[in-house]
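Raw contents of final_4.pdb, PDB, C-alpha atoms:
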```pdb
ATOM      1  CA  MET A  24      53.884 -24.119  34.408
ATOM      2  CA  ARG A  25      53.250 -20.498  33.438
ATOM      3  CA  GLN A  26      49.856 -18.860  33.366
ATOM      4  CA  VAL A  27      50.632 -16.943  30.188
ATOM      5  CA  ILE A  28      53.444 -16.795  27.646
ATOM      6  CA  ILE A  29      53.606 -13.784  25.341
ATOM      7  CA  ILE A  30      55.346 -14.327  22.017
ATOM      8  CA  GLY A  31      56.545 -11.019  20.581
ATOM      9  CA  SER A  32      57.971  -7.825  22.036
ATOM     10  CA  GLY A  33      56.567  -4.961  20.007
ATOM     11  CA  PRO A  34      53.937  -2.498  21.281
ATOM     12  CA  ALA A  35      51.305  -5.254  21.373
ATOM     13  CA  GLY A  36      53.488  -7.768  23.192
ATOM     14  CA  TYR A  37      54.832  -5.371  25.809
ATOM     15  CA  THR A  38      51.435  -3.771  26.446
ATOM     16  CA  ALA A  39      49.963  -7.230  26.939
ATOM     17  CA  ALA A  40      52.858  -7.950  29.328
ATOM     18  CA  ILE A  41      52.176  -4.777  31.332
ATOM     19  CA  TYR A  42      48.510  -5.666  31.794
ATOM     20  CA  ALA A  43      49.168  -9.345  32.455
ATOM     21  CA  ALA A  44      51.901  -8.563  34.978
ATOM     22  CA  ARG A  45      49.697  -6.068  36.821
ATOM     23  CA  ALA A  46      47.082  -8.827  37.061
ATOM     24  CA  ASN A  47      49.726 -10.994  38.827
ATOM     25  CA  LEU A  48      49.869 -13.454  35.939
ATOM     26  CA  GLU A  49      53.696 -13.312  35.913
ATOM     27  CA  PRO A  50      53.961 -13.466  32.108
ATOM     28  CA  LEU A  51      56.986 -14.761  30.247
ATOM     29  CA  VAL A  52      57.752 -12.610  27.189
ATOM     30  CA  VAL A  53      59.700 -14.358  24.447
ATOM     31  CA  ALA A  54      61.221 -11.277  22.846
ATOM     32  CA  SER A  55      63.318 -12.809  20.018
ATOM     33  CA  SER A  56      67.082 -13.028  19.936
ATOM     34  CA  VAL A  57      67.527 -10.697  16.945
ATOM     35  CA  GLU A  58      64.313  -8.669  16.527
ATOM     36  CA  ALA A  59      63.425  -7.736  20.112
ATOM     37  CA  GLY A  60      61.255  -4.630  20.217
ATOM     38  CA  GLY A  61      59.672  -5.162  16.804
ATOM     39  CA  GLU A  62      59.607  -2.781  13.856
ATOM     40  CA  LEU A  63      59.865   0.346  16.032
ATOM     41  CA  MET A  64      63.485  -0.576  16.688
ATOM     42  CA  ASN A  65      64.109   0.511  13.069
ATOM     43  CA  THR A  66      62.295   3.834  13.491
ATOM     44  CA  THR A  67      63.955   7.051  14.574
ATOM     45  CA  GLU A  68      61.549   9.749  15.781
ATOM     46  CA  VAL A  69      58.057   8.593  16.829
ATOM     47  CA  GLU A  70      55.760  11.596  17.097
ATOM     48  CA  ASN A  71      52.318   9.998  16.973
ATOM     49  CA  PHE A  72      52.400   7.795  20.061
ATOM     50  CA  PRO A  73      50.245   9.337  22.827
ATOM     51  CA  GLY A  74      52.008  10.819  25.810
ATOM     52  CA  PHE A  75      55.172  12.079  24.122
ATOM     53  CA  PRO A  76      54.469  15.626  22.886
ATOM     54  CA  GLU A  77      58.113  16.161  21.903
ATOM     55  CA  GLY A  78      58.351  12.774  20.211
ATOM     56  CA  ILE A  79      60.484   9.806  21.213
ATOM     57  CA  GLN A  80      62.988   7.548  19.485
ATOM     58  CA  GLY A  81      61.527   4.167  18.536
ATOM     59  CA  PRO A  82      64.109   2.102  20.458
ATOM     60  CA  GLU A  83      63.677   4.318  23.524
ATOM     61  CA  LEU A  84      59.902   3.833  23.450
ATOM     62  CA  MET A  85      60.305   0.066  23.337
ATOM     63  CA  GLU A  86      62.848   0.169  26.147
ATOM     64  CA  LYS A  87      60.391   2.120  28.322
ATOM     65  CA  MET A  88      57.614  -0.365  27.553
ATOM     66  CA  GLN A  89      59.882  -3.267  28.477
ATOM     67  CA  LYS A  90      60.956  -1.667  31.752
ATOM     68  CA  GLN A  91      57.339  -0.942  32.618
ATOM     69  CA  ALA A  92      56.395  -4.584  32.039
ATOM     70  CA  GLU A  93      59.382  -5.820  34.052
ATOM     71  CA  ARG A  94      58.551  -3.440  36.899
ATOM     72  CA  PHE A  95      55.293  -5.311  37.438
ATOM     73  CA  GLY A  96      56.879  -8.751  37.248
ATOM     74  CA  ALA A  97      57.098  -9.743  33.584
ATOM     75  CA  GLU A  98      60.097 -11.860  32.630
ATOM     76  CA  VAL A  99      61.701 -11.123  29.258
ATOM     77  CA  LEU A 100      63.590 -13.886  27.484
ATOM     78  CA  TYR A 101      65.742 -13.153  24.431
ATOM     79  CA  ASP A 102      65.188 -16.309  22.427
ATOM     80  CA  ASP A 103      63.195 -17.447  19.409
ATOM     81  CA  VAL A 104      60.182 -19.712  19.282
ATOM     82  CA  VAL A 105      60.790 -22.559  16.862
ATOM     83  CA  GLU A 106      57.753 -24.729  17.584
ATOM     84  CA  LEU A 107      54.319 -24.380  19.155
ATOM     85  CA  ASP A 108      51.802 -26.863  20.487
ATOM     86  CA  VAL A 109      48.488 -25.124  21.132
ATOM     87  CA  GLU A 110      46.271 -28.196  21.376
ATOM     88  CA  GLY A 111      44.730 -29.055  24.708
ATOM     89  CA  PRO A 112      44.775 -27.180  28.011
ATOM     90  CA  VAL A 113      48.584 -27.101  28.301
ATOM     91  CA  LYS A 114      50.329 -25.052  25.618
ATOM     92  CA  ARG A 115      53.978 -25.808  24.831
ATOM     93  CA  VAL A 116      56.541 -23.374  23.452
ATOM     94  CA  VAL A 117      59.854 -24.731  22.180
ATOM     95  CA  LEU A 118      62.732 -22.254  21.909
ATOM     96  CA  GLY A 119      65.810 -22.145  19.739
ATOM     97  CA  SER A 120      67.921 -22.905  22.797
ATOM     98  CA  GLY A 121      66.106 -26.220  23.132
ATOM     99  CA  ALA A 122      64.192 -25.188  26.245
ATOM    100  CA  THR A 123      60.469 -25.963  26.453
ATOM    101  CA  HIS A 124      58.031 -23.785  28.398
ATOM    102  CA  GLU A 125      54.444 -24.670  29.243
ATOM    103  CA  ALA A 126      51.535 -22.342  29.920
ATOM    104  CA  SER A 127      47.788 -22.334  30.309
ATOM    105  CA  SER A 128      47.485 -19.541  27.747
ATOM    106  CA  ILE A 129      49.459 -17.882  24.981
ATOM    107  CA  ILE A 130      49.334 -14.363  23.567
ATOM    108  CA  PHE A 131      50.688 -14.331  20.020
ATOM    109  CA  ALA A 132      51.980 -10.853  19.104
ATOM    110  CA  THR A 133      54.694 -11.415  16.524
ATOM    111  CA  GLY A 134      53.714  -8.456  14.343
ATOM    112  CA  SER A 135      54.374  -8.120  10.648
ATOM    113  CA  ALA A 136      57.391  -7.515   8.481
ATOM    114  CA  TYR A 137      57.561  -4.912   5.736
ATOM    115  CA  ARG A 138      58.640  -6.351   2.415
ATOM    116  CA  LYS A 139      61.988  -4.960   1.387
ATOM    117  CA  LEU A 140      63.691  -4.307  -1.910
ATOM    118  CA  GLY A 141      66.694  -6.333  -0.795
ATOM    119  CA  LEU A 142      69.280  -3.616  -1.379
ATOM    120  CA  GLU A 143      72.306  -2.856   0.795
ATOM    121  CA  GLY A 144      71.562   0.863   0.790
ATOM    122  CA  GLU A 145      67.995   0.209   1.867
ATOM    123  CA  ASP A 146      69.122  -1.327   5.153
ATOM    124  CA  ARG A 147      72.048   1.048   5.653
ATOM    125  CA  LEU A 148      69.882   4.156   5.280
ATOM    126  CA  SER A 149      66.880   2.849   7.192
ATOM    127  CA  GLY A 150      65.774   5.715   9.422
ATOM    128  CA  HIS A 151      67.962   8.111   7.426
ATOM    129  CA  GLY A 152      65.682   8.685   4.480
ATOM    130  CA  VAL A 153      64.427   5.159   3.848
ATOM    131  CA  SER A 154      61.079   4.347   5.442
ATOM    132  CA  TRP A 155      58.255   1.836   5.206
ATOM    133  CA  CYS A 156      55.628   3.967   6.962
ATOM    134  CA  ALA A 157      54.358   7.289   5.593
ATOM    135  CA  THR A 158      52.161   8.052   8.593
ATOM    136  CA  CYS A 159      55.149   7.472  10.880
ATOM    137  CA  ASP A 160      57.778   9.483   8.992
ATOM    138  CA  GLY A 161      56.057  11.702   6.424
ATOM    139  CA  PHE A 162      56.250  14.781   8.645
ATOM    140  CA  PHE A 163      60.056  14.761   8.436
ATOM    141  CA  PHE A 164      59.973  15.328   4.675
ATOM    142  CA  ARG A 165      58.226  18.671   4.596
ATOM    143  CA  ASP A 166      59.074  20.525   1.362
ATOM    144  CA  ARG A 167      61.332  17.657   0.242
ATOM    145  CA  VAL A 168      61.364  15.549  -2.901
ATOM    146  CA  ILE A 169      60.607  11.913  -2.170
ATOM    147  CA  ALA A 170      59.723   8.702  -3.966
ATOM    148  CA  VAL A 171      57.362   5.829  -3.234
ATOM    149  CA  VAL A 172      58.021   2.352  -4.616
ATOM    150  CA  GLY A 173      55.000   0.222  -5.437
ATOM    151  CA  GLY A 174      51.890  -0.034  -7.564
ATOM    152  CA  GLY A 175      49.149  -1.210  -5.232
ATOM    153  CA  ASP A 176      46.621   0.513  -3.000
ATOM    154  CA  SER A 177      49.113   0.948  -0.173
ATOM    155  CA  ALA A 178      51.583   2.715  -2.475
ATOM    156  CA  MET A 179      48.905   5.067  -3.813
ATOM    157  CA  GLU A 180      47.685   5.765  -0.297
ATOM    158  CA  GLU A 181      51.206   6.443   0.965
ATOM    159  CA  ALA A 182      52.014   8.717  -1.970
ATOM    160  CA  THR A 183      48.796  10.697  -1.636
ATOM    161  CA  PHE A 184      49.345  11.111   2.092
ATOM    162  CA  LEU A 185      52.942  12.237   1.574
ATOM    163  CA  THR A 186      51.853  15.084  -0.718
ATOM    164  CA  LYS A 187      50.657  16.819   2.460
ATOM    165  CA  PHE A 188      54.304  17.350   3.341
ATOM    166  CA  ALA A 189      56.559  16.845   0.324
ATOM    167  CA  SER A 190      57.035  19.292  -2.521
ATOM    168  CA  LYS A 191      57.051  16.405  -5.015
ATOM    169  CA  VAL A 192      56.364  12.677  -4.848
ATOM    170  CA  TYR A 193      57.549  10.208  -7.471
ATOM    171  CA  ILE A 194      55.811   6.845  -7.713
ATOM    172  CA  ILE A 195      58.238   4.255  -9.050
ATOM    173  CA  HIS A 196      56.578   1.194 -10.553
ATOM    174  CA  ARG A 197      58.132  -1.670 -12.447
ATOM    175  CA  LYS A 198      55.217  -1.890 -14.917
ATOM    176  CA  ASP A 199      53.261   0.616 -17.015
ATOM    177  CA  THR A 200      49.947  -0.129 -15.318
ATOM    178  CA  LEU A 201      48.952  -0.147 -11.654
ATOM    179  CA  ARG A 202      47.364  -2.936  -9.664
ATOM    180  CA  ALA A 203      45.768  -0.432  -7.279
ATOM    181  CA  SER A 204      42.011  -0.032  -7.167
ATOM    182  CA  LYS A 205      40.503   2.423  -9.648
ATOM    183  CA  ILE A 206      39.598   5.039  -7.049
ATOM    184  CA  MET A 207      43.106   5.012  -5.567
ATOM    185  CA  GLN A 208      44.599   5.377  -9.041
ATOM    186  CA  GLU A 209      42.323   8.294  -9.853
ATOM    187  CA  ARG A 210      43.317  10.123  -6.690
ATOM    188  CA  ALA A 211      46.999   9.692  -7.459
ATOM    189  CA  PHE A 212      46.660  10.712 -11.124
ATOM    190  CA  ALA A 213      44.718  13.819 -10.133
ATOM    191  CA  ASN A 214      47.339  15.009  -7.645
ATOM    192  CA  ASP A 215      49.628  17.660  -9.133
ATOM    193  CA  LYS A 216      52.449  16.776  -6.758
ATOM    194  CA  ILE A 217      52.651  13.163  -7.932
ATOM    195  CA  GLU A 218      54.693  12.076 -10.934
ATOM    196  CA  PHE A 219      54.822   8.466 -12.120
ATOM    197  CA  VAL A 220      58.053   6.746 -13.118
ATOM    198  CA  TRP A 221      56.934   3.760 -15.171
ATOM    199  CA  ASN A 222      58.735   0.547 -16.123
ATOM    200  CA  SER A 223      61.432   1.150 -13.537
ATOM    201  CA  GLU A 224      62.834  -0.573 -10.474
ATOM    202  CA  VAL A 225      65.186   0.697  -7.808
ATOM    203  CA  ALA A 226      68.633  -0.791  -8.384
ATOM    204  CA  ASP A 227      70.454   1.151  -5.663
ATOM    205  CA  VAL A 228      69.811   3.663  -2.887
ATOM    206  CA  LEU A 229      72.316   6.516  -2.961
ATOM    207  CA  GLY A 230      73.750   8.513  -0.082
ATOM    208  CA  GLU A 231      76.205   8.176   2.794
ATOM    209  CA  ALA A 232      74.620   9.652   5.942
ATOM    210  CA  ALA A 233      71.208  10.203   4.315
ATOM    211  CA  VAL A 234      69.362   9.400   1.107
ATOM    212  CA  THR A 235      70.377  11.616  -1.793
ATOM    213  CA  GLY A 236      68.877   9.640  -4.652
ATOM    214  CA  VAL A 237      68.224   6.277  -6.235
ATOM    215  CA  THR A 238      69.544   4.466  -9.254
ATOM    216  CA  LEU A 239      66.689   3.307 -11.468
ATOM    217  CA  ARG A 240      66.866   0.356 -13.835
ATOM    218  CA  SER A 241      64.502   0.130 -16.788
ATOM    219  CA  THR A 242      62.460  -3.076 -16.812
ATOM    220  CA  VAL A 243      62.194  -2.687 -20.594
ATOM    221  CA  ASP A 244      65.787  -2.355 -21.788
ATOM    222  CA  GLY A 245      67.894  -2.599 -18.604
ATOM    223  CA  SER A 246      69.308   0.911 -18.882
ATOM    224  CA  THR A 247      69.997   2.833 -15.672
ATOM    225  CA  ARG A 248      69.753   6.427 -14.536
ATOM    226  CA  ASP A 249      69.930   8.311 -11.244
ATOM    227  CA  LEU A 250      67.014  10.187  -9.709
ATOM    228  CA  ALA A 251      67.715  12.812  -7.036
ATOM    229  CA  ILE A 252      65.405  12.492  -4.016
ATOM    230  CA  ASP A 253      65.545  13.186  -0.283
ATOM    231  CA  GLY A 254      63.596  10.177   0.884
ATOM    232  CA  LEU A 255      62.432   6.754  -0.256
ATOM    233  CA  PHE A 256      59.260   5.058   0.965
ATOM    234  CA  VAL A 257      58.965   1.359   0.194
ATOM    235  CA  ALA A 258      55.324   0.295  -0.165
ATOM    236  CA  ILE A 259      55.432  -3.141  -1.747
ATOM    237  CA  GLY A 260      53.408  -4.824   0.983
ATOM    238  CA  ASN A 261      53.973  -6.483   4.306
ATOM    239  CA  ASP A 262      53.555  -9.988   5.651
ATOM    240  CA  PRO A 263      52.168 -10.955   9.072
ATOM    241  CA  ARG A 264      54.551 -13.207  10.958
ATOM    242  CA  THR A 265      52.287 -16.245  11.179
ATOM    243  CA  HIS A 266      54.632 -19.032  10.075
ATOM    244  CA  LEU A 267      54.564 -20.585  13.559
ATOM    245  CA  VAL A 268      50.787 -21.022  13.540
ATOM    246  CA  HIS A 269      50.097 -22.227  10.015
ATOM    247  CA  ASP A 270      47.802 -25.265  10.339
ATOM    248  CA  LYS A 271      47.431 -24.474  14.049
ATOM    249  CA  LEU A 272      45.243 -21.357  14.030
ATOM    250  CA  GLU A 273      42.620 -20.197  11.567
ATOM    251  CA  LEU A 274      43.850 -17.398   9.286
ATOM    252  CA  THR A 275      42.017 -14.745   7.281
ATOM    253  CA  PRO A 276      42.271 -14.395   3.477
ATOM    254  CA  GLU A 277      44.804 -11.600   4.119
ATOM    255  CA  GLY A 278      47.013 -14.046   6.006
ATOM    256  CA  THR A 279      46.438 -12.566   9.458
ATOM    257  CA  ILE A 280      45.235 -14.588  12.437
ATOM    258  CA  ARG A 281      41.449 -14.701  12.619
ATOM    259  CA  VAL A 282      39.988 -13.517  15.920
ATOM    260  CA  ASP A 283      36.452 -13.491  17.259
ATOM    261  CA  GLY A 284      34.970 -10.052  16.569
ATOM    262  CA  ARG A 285      36.683  -7.278  18.517
ATOM    263  CA  SER A 286      38.224  -9.771  20.908
ATOM    264  CA  SER A 287      41.645 -11.388  20.689
ATOM    265  CA  ARG A 288      40.315 -14.953  20.874
ATOM    266  CA  THR A 289      41.674 -17.208  18.144
ATOM    267  CA  SER A 290      40.336 -20.540  16.906
ATOM    268  CA  ALA A 291      42.273 -22.345  19.668
ATOM    269  CA  PRO A 292      40.936 -21.967  23.224
ATOM    270  CA  GLY A 293      43.497 -20.272  25.439
ATOM    271  CA  VAL A 294      45.392 -18.749  22.532
ATOM    272  CA  PHE A 295      45.020 -15.016  21.930
ATOM    273  CA  ALA A 296      46.494 -12.773  19.246
ATOM    274  CA  ALA A 297      47.249  -9.062  19.152
ATOM    275  CA  GLY A 298      48.840  -6.322  17.068
ATOM    276  CA  ASP A 299      49.813  -6.374  13.418
ATOM    277  CA  VAL A 300      49.475 -10.134  13.274
ATOM    278  CA  ILE A 301      45.679  -9.646  13.332
ATOM    279  CA  ASP A 302      45.546  -6.223  11.640
ATOM    280  CA  PRO A 303      45.925  -5.980   7.848
ATOM    281  CA  THR A 304      44.740  -2.361   7.751
ATOM    282  CA  TYR A 305      46.065   0.090  10.352
ATOM    283  CA  ARG A 306      49.384  -1.314  11.584
ATOM    284  CA  GLN A 307      50.209   1.527  13.960
ATOM    285  CA  ALA A 308      52.001   1.388  17.303
ATOM    286  CA  ALA A 309      49.011   2.870  19.117
ATOM    287  CA  THR A 310      46.509   0.400  17.654
ATOM    288  CA  ALA A 311      48.892  -2.487  18.359
ATOM    289  CA  ALA A 312      49.221  -1.379  21.985
ATOM    290  CA  ALA A 313      45.436  -1.204  22.331
ATOM    291  CA  SER A 314      45.188  -4.671  20.839
ATOM    292  CA  GLY A 315      47.711  -5.945  23.382
ATOM    293  CA  THR A 316      45.492  -4.586  26.150
ATOM    294  CA  VAL A 317      42.546  -6.561  24.790
ATOM    295  CA  ALA A 318      44.609  -9.758  24.597
ATOM    296  CA  ALA A 319      45.829  -9.482  28.184
ATOM    297  CA  LEU A 320      42.306  -8.866  29.494
ATOM    298  CA  ASP A 321      40.926 -11.754  27.439
ATOM    299  CA  ALA A 322      43.675 -14.038  28.758
ATOM    300  CA  GLU A 323      42.982 -12.922  32.322
ATOM    301  CA  HIS A 324      39.267 -13.701  31.962
ATOM    302  CA  TYR A 325      40.059 -17.067  30.373
ATOM    303  CA  LEU A 326      42.418 -18.013  33.207
ATOM    304  CA  ALA A 327      39.895 -16.913  35.828
ATOM    305  CA  ALA A 328      37.224 -19.107  34.241
ATOM    306  CA  LEU A 329      39.717 -21.973  34.074
ATOM    307  CA  ALA A 330      40.472 -21.588  37.771
ATOM    308  CA  GLN A 331      36.766 -21.698  38.601
ATOM    309  CA  LEU A 332      36.390 -24.937  36.646
ATOM    310  CA  THR A 333      39.343 -26.426  38.480
ATOM    311  CA  ASP A 334      38.023 -25.358  41.868
ATOM    312  CA  ALA A 335      34.663 -26.838  41.007
ATOM    313  CA  GLY A 336      36.288 -30.140  40.115
ATOM    314  CA  GLY A 337      35.973 -29.741  36.343
ATOM    315  CA  GLY A 338      39.735 -29.845  35.793
ATOM    316  CA  GLN A 339      41.729 -28.210  33.055
ATOM    317  CA  ALA A 340      40.528 -30.683  30.488
ATOM    318  CA  ALA A 341      37.339 -28.622  30.243
ATOM    319  CA  ALA A 342      39.333 -25.812  28.668
TER
END
```

Could the structure of this file be written out as structure tokens, please?
Amino acid sequence: MRQVIIIGSGPAGYTAAIYAARANLEPLVVASSVEAGGELMNTTEVENFPGFPEGIQGPELMEKMQKQAERFGAEVLYDDVVELDVEGPVKRVVLGSGATHEASSIIFATGSAYRKLGLEGEDRLSGHGVSWCATCDGFFFRDRVIAVVGGGDSAMEEATFLTKFASKVYIIHRKDTLRASKIMQERAFANDKIEFVWNSEVADVLGEAAVTGVTLRSTVDGSTRDLAIDGLFVAIGNDPRTHLVHDKLELTPEGTIRVDGRSSRTSAPGVFAAGDVIDPTYRQAATAAASGTVAALDAEHYLAALAQLTDAGGGQAAA
């Protein structure tokens, strides 16, 4: 039986693995068979992660994190968790391969997924003009014309932030009114660099090697037209990957896993959560990594207390 199983292989998961491995907990990291490395695998240049003054490619950063975890004894398994049992002192993780692994503790770091428009060009040009993170990629669009899709607070925040770099920012919204809070709307309306494109949805993303424009479809009469832009930021929300723990762990109204204060402790003893799966606000690689640190330390303390109970004759049932 393992001491700790880490589910997820983004910045939170691999940082937790580094700390857990250095504590001789010999963690097993279930990294996913198709999405290993998390959202940073879809990012090109990462310039805001500490320690890389010249920037680093997203996949390269995740590769370095993985190698660092493995150096200290973490085992990485490319498979997918299909079922979890977090009740009682022994946690069980069932994988897509059919294998079952048991552990005294679990760190859940599955991250979140940006909602997509569902267009072929969106995926094809990801990292080549299409982005889901203004704070990650806005710098690359200095003096460029870009567009933001969405009508909520996140879209207004992204658009306002992007005006620091872009020469012009279109906000494309499928209605003629916004769902964003009043103060966020006022900031966007007052910004001279922002222009609203109402009653429109993106029907296609144009460009071969990089984004050159979008095809817009009117939500009123169905007519289409092309809009020339250099970049497209999709800000229609994101969803924490919590489907495995519905009815198993307590969630917040935002759909993230509820933790105890600044800790990583969930509603199930011995189960800890880290990264975007507990963070509806910041969702940055650096904050996810810090969260992974907290989870590993919390798991280490939990396991140490468990060992003391066992040595004292209390047994694991006391967990």

| task | Starting from the shown file, work through the PyMOL selection byres ((chain A and resi 274-278) around 9) and note down what comes out as a PyMOL selection string. | result | chain A and resi 262-263+265+268-270+272-273+279-282+290+300-301+303

| said: Which residues would end up in the selection if the PyMOL selection byres ((chain A and resi 69) around 8) were applied here, given that I need the answer as a ChimeraX atom specification? | reply: /A:66-68,70-72,78-81,159-160

Box dimensions and centre (Å, one decimal) enclosing stretch 135-149 of chain A, axis-aligned, 4 Å extra per side, as lines of an AutoDock Vina configuration file:
```
center_x = 63.3
center_y = -2.0
center_z = 4.4
size_x = 25.9
size_y = 20.3
size_z = 20.6
```

| query | If I put a ball of radius 7 Å at (53.8, -18.1, 34.6) in the file's coordinates, which residues poke into it when counting all atoms listed in the file, written as a PyMOL selection string? | reply | chain A and resi 24-27+48-51+126

| field | Computed interatomic separation between atom CA of A:His266 and atom CA of A:Ser314 (Å) | value | 20.3 Å

| request: Could you jot down the atom CA of A:Ala328 to atom CA of A:Arg45 separation for me, Å, one decimal place? | output: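 The value is 18.2 Å.
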
I'd like the contact shell of A:Val257 - 12 Å cut-off, all atoms listed in the file, skipping same-chain residues fewer than 3 positions apart - returned as a JSON list (two decimals) with C-alpha atoms, in the frame of the given file.
```json
[["chain", "number", "residue", "atom", "x", "y", "z"],
["A", 137, "TYR", "CA", 57.56, -4.91, 5.74],
["A", 138, "ARG", "CA", 58.64, -6.35, 2.42],
["A", 139, "LYS", "CA", 61.99, -4.96, 1.39],
["A", 140, "LEU", "CA", 63.69, -4.31, -1.91],
["A", 141, "GLY", "CA", 66.69, -6.33, -0.80],
["A", 142, "LEU", "CA", 69.28, -3.62, -1.38],
["A", 145, "GLU", "CA", 68.00, 0.21, 1.87],
["A", 146, "ASP", "CA", 69.12, -1.33, 5.15],
["A", 149, "SER", "CA", 66.88, 2.85, 7.19],
["A", 152, "GLY", "CA", 65.68, 8.68, 4.48],
["A", 153, "VAL", "CA", 64.43, 5.16, 3.85],
["A", 154, "SER", "CA", 61.08, 4.35, 5.44],
["A", 155, "TRP", "CA", 58.26, 1.84, 5.21],
["A", 156, "CYS", "CA", 55.63, 3.97, 6.96],
["A", 157, "ALA", "CA", 54.36, 7.29, 5.59],
["A", 169, "ILE", "CA", 60.61, 11.91, -2.17],
["A", 170, "ALA", "CA", 59.72, 8.70, -3.97],
["A", 171, "VAL", "CA", 57.36, 5.83, -3.23],
["A", 172, "VAL", "CA", 58.02, 2.35, -4.62],
["A", 173, "GLY", "CA", 55.00, 0.22, -5.44],
["A", 174, "GLY", "CA", 51.89, -0.03, -7.56],
["A", 175, "GLY", "CA", 49.15, -1.21, -5.23],
["A", 177, "SER", "CA", 49.11, 0.95, -0.17],
["A", 178, "ALA", "CA", 51.58, 2.72, -2.48],
["A", 179, "MET", "CA", 48.90, 5.07, -3.81],
["A", 181, "GLU", "CA", 51.21, 6.44, 0.96],
["A", 182, "ALA", "CA", 52.01, 8.72, -1.97],
["A", 193, "TYR", "CA", 57.55, 10.21, -7.47],
["A", 194, "ILE", "CA", 55.81, 6.84, -7.71],
["A", 195, "ILE", "CA", 58.24, 4.26, -9.05],
["A", 196, "HIS", "CA", 56.58, 1.19, -10.55],
["A", 224, "GLU", "CA", 62.83, -0.57, -10.47],
["A", 225, "VAL", "CA", 65.19, 0.70, -7.81],
["A", 228, "VAL", "CA", 69.81, 3.66, -2.89],
["A", 254, "GLY", "CA", 63.60, 10.18, 0.88],
["A", 260, "GLY", "CA", 53.41, -4.82, 0.98],
["A", 261, "ASN", "CA", 53.97, -6.48, 4.31]]
```

| message | Which residues are near stretch 52-61 of chain A? Cut-off 9 Å, all atoms listed in the file, ignore same chain within fewer than 3 positions. Put them as a ChimeraX atom specification. | response | /A:27-34,36-37,40,64-65,81-82,85-86,89,97-104,118,133-136

| request: Enumerate, as a PyMOL selection string, the residues matched when the PyMOL selection byres ((chain A and resi 215) around 12) is run on the file above. | output: chain A and resi 182-183+186-187+189-193+209-214+216-219

Requested write-out: C-alpha atoms of the selected residues, as a PDB file, in the frame of the given file:
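The result, written out as selection.pdb:
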```pdb
ATOM      1  CA  ALA A 182      52.014   8.717  -1.970  1.00  0.00           C
ATOM      2  CA  THR A 183      48.796  10.697  -1.636  1.00  0.00           C
ATOM      3  CA  THR A 186      51.853  15.084  -0.718  1.00  0.00           C
ATOM      4  CA  LYS A 187      50.657  16.819   2.460  1.00  0.00           C
ATOM      5  CA  ALA A 189      56.559  16.845   0.324  1.00  0.00           C
ATOM      6  CA  SER A 190      57.035  19.292  -2.521  1.00  0.00           C
ATOM      7  CA  LYS A 191      57.051  16.405  -5.015  1.00  0.00           C
ATOM      8  CA  VAL A 192      56.364  12.677  -4.848  1.00  0.00           C
ATOM      9  CA  TYR A 193      57.549  10.208  -7.471  1.00  0.00           C
ATOM     10  CA  GLU A 209      42.323   8.294  -9.853  1.00  0.00           C
ATOM     11  CA  ARG A 210      43.317  10.123  -6.690  1.00  0.00           C
ATOM     12  CA  ALA A 211      46.999   9.692  -7.459  1.00  0.00           C
ATOM     13  CA  PHE A 212      46.660  10.712 -11.124  1.00  0.00           C
ATOM     14  CA  ALA A 213      44.718  13.819 -10.133  1.00  0.00           C
ATOM     15  CA  ASN A 214      47.339  15.009  -7.645  1.00  0.00           C
ATOM     16  CA  LYS A 216      52.449  16.776  -6.758  1.00  0.00           C
ATOM     17  CA  ILE A 217      52.651  13.163  -7.932  1.00  0.00           C
ATOM     18  CA  GLU A 218      54.693  12.076 -10.934  1.00  0.00           C
ATOM     19  CA  PHE A 219      54.822   8.466 -12.120  1.00  0.00           C
TER      20      PHE A 219
END
```

| atom CA of A:Ala312 and atom CA of A:Asp283 are how many Å apart? |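 That distance, rounded to one decimal, is 18.2 Å.
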
| Within 9 Å of A:Phe188, counting all atoms listed in the file, which residues qualify if same-chain residues fewer than 5 places away don't, as a ChimeraX atom specification? | /A:161-167

| field | Ref. answer, residues at most 8 Å from (47.6, -23.4, 27.0) with only C-alpha atoms, as a PyMOL selection string | value | chain A and resi 27+109-115+125-129+292-294

| note | For A:Ala308, the closest of A:Leu84, A:Asp108, A:Asp334, A:Ala44 counting all atoms listed in the file is A:Leu84

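Across A:Leu250, A:Asn47, A:Ala335, A:Asp321, the tightest approach to A:Gly96 is made by A:Asn47 when counting only C-alpha atoms.
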